[in-house]
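As provided, final.txt (compact mmCIF, C-alpha atoms) reads as follows.
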```txt
# COMPACT_ATOMS: atom_id res chain seq x y z
CA MET H 1 29.92 130.64 72.05
CA CYS H 2 27.43 133.42 71.29
CA MET H 3 29.50 134.61 68.31
CA ARG H 4 29.71 131.05 66.98
CA LYS H 5 25.92 130.64 67.21
CA THR H 6 25.39 133.97 65.48
CA THR H 7 27.78 133.05 62.65
CA THR H 8 26.20 129.62 62.26
CA GLY H 9 22.74 131.17 62.18
CA LEU H 10 23.81 133.73 59.56
CA LEU H 11 25.28 131.01 57.34
CA ALA H 12 22.08 129.00 57.67
CA LEU H 13 19.99 132.01 56.62
CA LEU H 14 22.24 132.73 53.63
CA THR H 15 22.05 129.08 52.54
CA LEU H 16 18.27 129.12 52.87
CA ALA H 17 18.02 132.35 50.86
CA TRP H 18 20.22 130.86 48.13
CA ALA H 19 18.16 127.65 48.01
CA THR H 20 14.94 129.67 47.83
CA SER H 21 16.26 131.75 44.94
CA LEU H 22 17.13 128.58 43.04
CA GLN H 23 13.63 127.20 43.57
CA ALA H 24 12.17 130.44 42.24
CA ALA H 25 14.24 130.36 39.04
CA ASP H 26 12.54 129.22 35.82
CA PRO H 27 14.82 127.06 33.64
CA GLN H 28 12.43 127.18 30.69
CA ALA H 29 12.44 130.97 30.75
CA GLY H 30 16.22 130.70 30.90
CA LYS H 31 16.20 128.47 27.83
CA ALA H 32 14.20 131.04 25.91
CA ARG H 33 16.55 133.81 27.03
CA SER H 34 19.62 131.77 26.13
CA ALA H 35 19.15 132.07 22.36
CA LEU H 36 21.76 134.83 22.19
CA CYS H 37 24.18 132.80 24.33
CA ALA H 38 24.06 129.86 21.92
CA ALA H 39 26.23 131.55 19.30
CA CYS H 40 29.27 131.26 21.57
CA HIS H 41 28.33 128.76 24.25
CA GLY H 42 26.20 126.33 22.26
CA ALA H 43 22.47 125.70 22.57
CA ASP H 44 23.06 123.34 25.49
CA GLY H 45 25.96 125.26 27.01
CA ASN H 46 28.70 123.14 25.45
CA SER H 47 30.78 125.58 23.45
CA VAL H 48 32.78 124.40 20.45
CA ASN H 49 35.44 127.12 20.55
CA PRO H 50 37.88 126.24 23.37
CA VAL H 51 38.40 129.86 24.40
CA TRP H 52 34.71 130.14 25.36
CA PRO H 53 33.66 128.24 28.50
CA LYS H 54 31.27 125.36 28.71
CA LEU H 55 28.35 126.52 30.84
CA ALA H 56 26.53 123.20 30.89
CA GLY H 57 26.47 121.58 34.31
CA GLN H 58 27.99 124.59 36.05
CA HIS H 59 26.64 125.48 39.49
CA PRO H 60 23.88 128.11 39.26
CA ARG H 61 25.29 130.16 42.11
CA TYR H 62 28.61 130.50 40.31
CA LEU H 63 26.94 131.34 36.99
CA GLU H 64 24.79 133.99 38.65
CA LYS H 65 27.81 135.63 40.25
CA GLN H 66 29.74 135.76 36.98
CA LEU H 67 26.82 137.27 35.07
CA ARG H 68 26.28 139.88 37.78
CA ASP H 69 29.98 140.68 37.78
CA PHE H 70 29.98 141.10 33.99
CA ARG H 71 26.92 143.33 34.29
CA SER H 72 28.45 145.52 37.01
CA GLY H 73 31.90 145.66 35.44
CA LYS H 74 33.58 143.83 38.31
CA ARG H 75 34.58 141.19 35.75
CA LYS H 76 35.49 142.68 32.40
CA ASN H 77 35.17 141.08 28.97
CA SER H 78 34.53 142.89 25.71
CA ASN H 79 32.05 140.22 24.61
CA MET H 80 30.29 139.37 27.85
CA SER H 81 29.96 142.80 29.44
CA PRO H 82 27.55 144.16 26.80
CA MET H 83 25.67 140.85 26.72
CA ALA H 84 25.09 140.94 30.47
CA ALA H 85 24.27 144.65 30.69
CA PRO H 86 20.54 144.35 29.83
CA LEU H 87 19.91 141.26 31.98
CA SER H 88 17.67 141.58 35.01
CA ASP H 89 18.28 139.60 38.21
CA GLU H 90 15.43 137.32 37.14
CA ASP H 91 17.00 136.77 33.71
CA ILE H 92 20.30 135.88 35.35
CA ALA H 93 18.71 133.41 37.76
CA ASN H 94 16.75 131.77 34.94
CA LEU H 95 19.77 131.49 32.65
CA ALA H 96 21.87 130.01 35.46
CA ALA H 97 19.14 127.49 36.24
CA TRP H 98 18.87 126.44 32.58
CA PHE H 99 22.56 125.96 31.93
CA SER H 100 23.13 124.20 35.26
CA LEU H 101 20.67 121.49 34.24
CA GLN H 102 22.43 120.69 30.97
CA LYS H 103 24.95 117.86 30.72
CA ARG H 104 28.54 118.94 30.19
CA SER H 105 30.40 117.18 27.38
CA PRO H 106 33.60 115.42 28.50
CA GLY H 107 37.04 116.82 27.84
CA ALA H 108 40.41 115.15 27.43
CA ALA H 109 43.81 115.69 29.03
CA ASP H 110 47.14 115.81 27.25
CA PRO H 111 48.94 112.59 28.30
CA ALA H 112 52.24 114.47 28.45
CA LEU H 113 50.85 116.81 31.13
CA VAL H 114 48.72 114.43 33.20
CA GLU H 115 51.32 113.47 35.80
CA GLN H 116 52.29 117.05 36.59
CA GLY H 117 48.68 118.27 36.51
CA ALA H 118 47.51 115.49 38.83
CA ARG H 119 50.34 116.13 41.28
CA ILE H 120 49.49 119.82 41.61
CA TYR H 121 45.72 119.35 41.58
CA ARG H 122 45.78 116.67 44.27
CA GLY H 123 48.78 117.70 46.34
CA GLY H 124 49.46 121.37 45.59
CA ILE H 125 53.01 122.70 45.65
CA PRO H 126 53.89 122.68 49.37
CA GLU H 127 57.28 124.34 48.99
CA ARG H 128 55.56 127.40 47.48
CA GLY H 129 52.52 127.34 49.71
CA VAL H 130 50.17 126.31 46.89
CA PRO H 131 47.24 124.28 48.29
CA ALA H 132 45.70 121.28 46.55
CA CYS H 133 42.91 122.29 44.17
CA THR H 134 40.77 119.47 45.58
CA GLY H 135 40.09 121.53 48.70
CA CYS H 136 37.79 123.90 46.81
CA HIS H 137 37.04 122.12 43.55
CA SER H 138 36.74 118.53 44.93
CA PRO H 139 38.77 115.46 43.91
CA THR H 140 36.53 114.93 40.88
CA GLY H 141 36.49 118.57 39.77
CA ALA H 142 32.82 118.89 40.71
CA GLY H 143 33.41 122.12 42.65
CA ASN H 144 31.48 123.26 45.71
CA PRO H 145 28.06 124.71 44.90
CA GLU H 146 27.35 126.01 48.41
CA ALA H 147 30.63 127.93 48.55
CA GLY H 148 30.31 129.12 44.95
CA TYR H 149 33.44 127.33 43.74
CA PRO H 150 32.98 126.26 40.11
CA ALA H 151 32.98 122.79 38.62
CA LEU H 152 36.12 122.35 36.53
CA SER H 153 35.80 118.82 35.16
CA GLY H 154 35.43 118.68 31.39
CA GLN H 155 36.05 122.42 30.95
CA HIS H 156 38.08 123.44 27.91
CA ALA H 157 41.76 123.40 28.84
CA GLU H 158 42.38 126.53 26.80
CA TYR H 159 39.68 128.48 28.64
CA THR H 160 40.97 127.36 32.03
CA ARG H 161 44.52 128.30 31.03
CA ILE H 162 43.40 131.77 29.97
CA GLN H 163 41.59 132.31 33.28
CA LEU H 164 44.52 131.15 35.40
CA GLU H 165 46.83 133.49 33.50
CA ALA H 166 44.33 136.33 33.93
CA PHE H 167 44.27 135.72 37.69
CA ARG H 168 48.08 135.61 37.73
CA LYS H 169 48.30 138.96 35.92
CA GLU H 170 45.43 140.33 38.05
CA GLU H 171 43.51 141.06 34.86
CA ARG H 172 40.67 139.15 36.51
CA SER H 173 39.91 140.11 40.08
CA ASN H 174 36.43 138.85 40.96
CA ASP H 175 37.64 135.84 42.93
CA PRO H 176 36.45 135.75 46.57
CA ALA H 177 39.12 137.12 48.92
CA GLY H 178 41.65 137.04 46.08
CA ILE H 179 42.10 133.29 46.51
CA MET H 180 42.74 132.49 42.87
CA ARG H 181 44.98 135.50 42.31
CA THR H 182 47.15 134.44 45.25
CA ILE H 183 47.44 130.87 44.02
CA ALA H 184 47.93 131.70 40.35
CA SER H 185 50.63 134.25 41.14
CA THR H 186 52.95 131.40 42.15
CA LEU H 187 52.29 129.16 39.14
CA LYS H 188 54.63 128.85 36.18
CA ASP H 189 53.42 128.63 32.58
CA ARG H 190 53.84 124.86 32.27
CA GLU H 191 52.15 124.29 35.64
CA ILE H 192 49.15 126.30 34.47
CA ARG H 193 48.98 124.33 31.22
CA ALA H 194 49.27 121.06 33.13
CA LEU H 195 46.50 121.96 35.57
CA ALA H 196 44.19 123.22 32.83
CA SER H 197 44.73 120.06 30.81
CA TYR H 198 44.27 117.77 33.80
CA VAL H 199 40.93 119.20 34.92
CA SER H 200 39.64 119.03 31.36
CA GLY H 201 40.11 115.27 31.48
CA LEU H 202 38.46 114.78 34.87
CA HIS H 203 35.13 112.95 34.76
```
What would the structure in this file look like if it were written as structure tokens?
Amino acid sequence: MCMRKTTTGLLALLTLAWATSLQAADPQAGKARSALCAACHGADGNSVNPVWPKLAGQHPRYLEKQLRDFRSGKRKNSNMSPMAAPLSDEDIANLAAWFSLQKRSPGAADPALVEQGARIYRGGIPERGVPACTGCHSPTGAGNPEAGYPALSGQHAEYTRIQLEAFRKEERSNDPAGIMRTIASTLKDREIRALASYVSGLH
């Protein structure tokens, strides 16, 4: 009972600290700092090139983690690592706040992949121990901001495919507790394409 109370109290403190950091962030300062981001991600965070992610509407906690990971080298990318290197913690919080407030443009799913994508997203692949994606990313693809799980709905299918393949190859390893690497390691190419396409069409 004592351990449970201690854990609950610690989680409450962490949640409060996260909420306080969000309140302290300045979206307008983030907008001003985002000028360099616009070339790839668009002025409002809706990138045109499908290999670059849409940042609009993404949870600030997730965006902050990714920027810090690019800055530290925990997540590697030849474009993003040098862009994140000069950012301060304040810059990162402000950028995350700005992009999180923007409206994400909708995506579209390939009709030929919808059935398979929906089946995996909503039911997983039980025979291989793959859980439903809804458990972390919600039935609507809205994600879980408190847990730091990203919103997927409307994201470019190509970007999502690239990330799932990177997790599968362990070229990307900044997922908490290796969750995504474990899941992606069991997925086949068509299953990855189907999932990526399906979440792009979620609204």
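Residues lying within 8 Å of His203 in chain H, counting only C-alpha atoms and ignoring same-chain neighbours fewer than 6 positions away, are Pro106, Thr140, Gly141, Ser153 and Gly154 of chain H.
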To one decimal in Å, tell me the separation between CA of Leu164 in chain H and CA of Asp89 in chain H.
27.7 Å
Would you list the contacts of Arg71 in chain H as a list in words, taking every protein, DNA or RNA residue within 8 Å and counting all atoms listed in the file, but skipping same-chain residues closer than 2 positions in sequence?
Leu67, Arg68, Asp69, Gly73, Lys74, Ser81, Pro82, Ala84, Ala85, Pro86 and Leu87 of chain H
Taking (26.2, 123.0, 35.5) in the coordinates of the supplied file, I want to know which residues reach to within 8 Å of it, counting all atoms listed in the file; could you give the answer as a VMD selection string?
chain H and resid 55 to 60 99 to 104 151
What lies within 12 Å of Ala38 in chain H using only C-alpha atoms, ignoring chain neighbours under 3 positions off, as JSON, numbers by chain?
{"H": [30, 31, 32, 33, 34, 35, 41, 42, 43, 44, 45, 46, 47, 48, 49, 52, 53, 54, 55, 56, 95, 99]}
Closest to Gly107 in chain H among H:Asp26, H:Asp91, H:Glu158, H:Glu191, using all atoms listed in the file?
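Ranked by minimum distance to Gly107 in chain H, first place goes to H:Glu158.
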Between CA of Ala132 in chain H and CA of Phe70 in chain H, what is the distance, to one decimal in Å?
28.2 Å
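In this model, the gap between CA of Ala118 in chain H and CA of Ser105 in chain H comes to 20.7 Å.
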Would you mind completing range 109-127 of chain H so that it carries N, CA and C atoms, and writing it out as a short mmCIF file (atom, residue, chain, number, x, y, z; two decimals), in the frame of the given file?
```
data_model
loop_
_atom_site.label_atom_id
_atom_site.label_comp_id
_atom_site.auth_asym_id
_atom_site.auth_seq_id
_atom_site.Cartn_x
_atom_site.Cartn_y
_atom_site.Cartn_z
N ALA H 109 42.53 115.12 28.56
CA ALA H 109 43.81 115.69 29.03
C ALA H 109 44.94 115.27 28.10
N ASP H 110 45.93 116.12 28.00
CA ASP H 110 47.14 115.81 27.25
C ASP H 110 47.96 114.80 28.07
N PRO H 111 48.20 113.60 27.53
CA PRO H 111 48.94 112.59 28.30
C PRO H 111 50.29 113.08 28.80
N ALA H 112 50.92 113.98 28.06
CA ALA H 112 52.24 114.47 28.45
C ALA H 112 52.18 115.38 29.68
N LEU H 113 50.98 115.88 30.01
CA LEU H 113 50.85 116.81 31.13
C LEU H 113 50.10 116.23 32.32
N VAL H 114 49.58 115.01 32.17
CA VAL H 114 48.72 114.43 33.20
C VAL H 114 49.43 114.29 34.54
N GLU H 115 50.63 113.73 34.54
CA GLU H 115 51.32 113.47 35.80
C GLU H 115 51.55 114.75 36.59
N GLN H 116 52.04 115.78 35.91
CA GLN H 116 52.29 117.05 36.59
C GLN H 116 50.98 117.69 37.04
N GLY H 117 49.98 117.68 36.17
CA GLY H 117 48.68 118.27 36.51
C GLY H 117 48.05 117.59 37.70
N ALA H 118 48.10 116.24 37.72
CA ALA H 118 47.51 115.49 38.83
C ALA H 118 48.23 115.78 40.14
N ARG H 119 49.54 115.88 40.08
CA ARG H 119 50.34 116.13 41.28
C ARG H 119 49.97 117.47 41.91
N ILE H 120 49.83 118.50 41.08
CA ILE H 120 49.49 119.82 41.61
C ILE H 120 48.03 119.85 42.06
N TYR H 121 47.14 119.30 41.26
CA TYR H 121 45.72 119.35 41.58
C TYR H 121 45.43 118.63 42.89
N ARG H 122 46.07 117.50 43.10
CA ARG H 122 45.78 116.67 44.27
C ARG H 122 46.68 116.95 45.47
N GLY H 123 47.87 117.49 45.22
CA GLY H 123 48.78 117.70 46.34
C GLY H 123 49.29 119.12 46.49
N GLY H 124 48.96 120.00 45.54
CA GLY H 124 49.46 121.37 45.59
C GLY H 124 50.96 121.42 45.34
N ILE H 125 51.55 122.53 45.72
CA ILE H 125 53.01 122.70 45.65
C ILE H 125 53.44 123.20 47.03
N PRO H 126 53.64 122.29 47.97
CA PRO H 126 53.89 122.68 49.37
C PRO H 126 55.03 123.65 49.56
N GLU H 127 56.12 123.48 48.79
CA GLU H 127 57.28 124.34 48.99
C GLU H 127 57.01 125.80 48.61
#
```
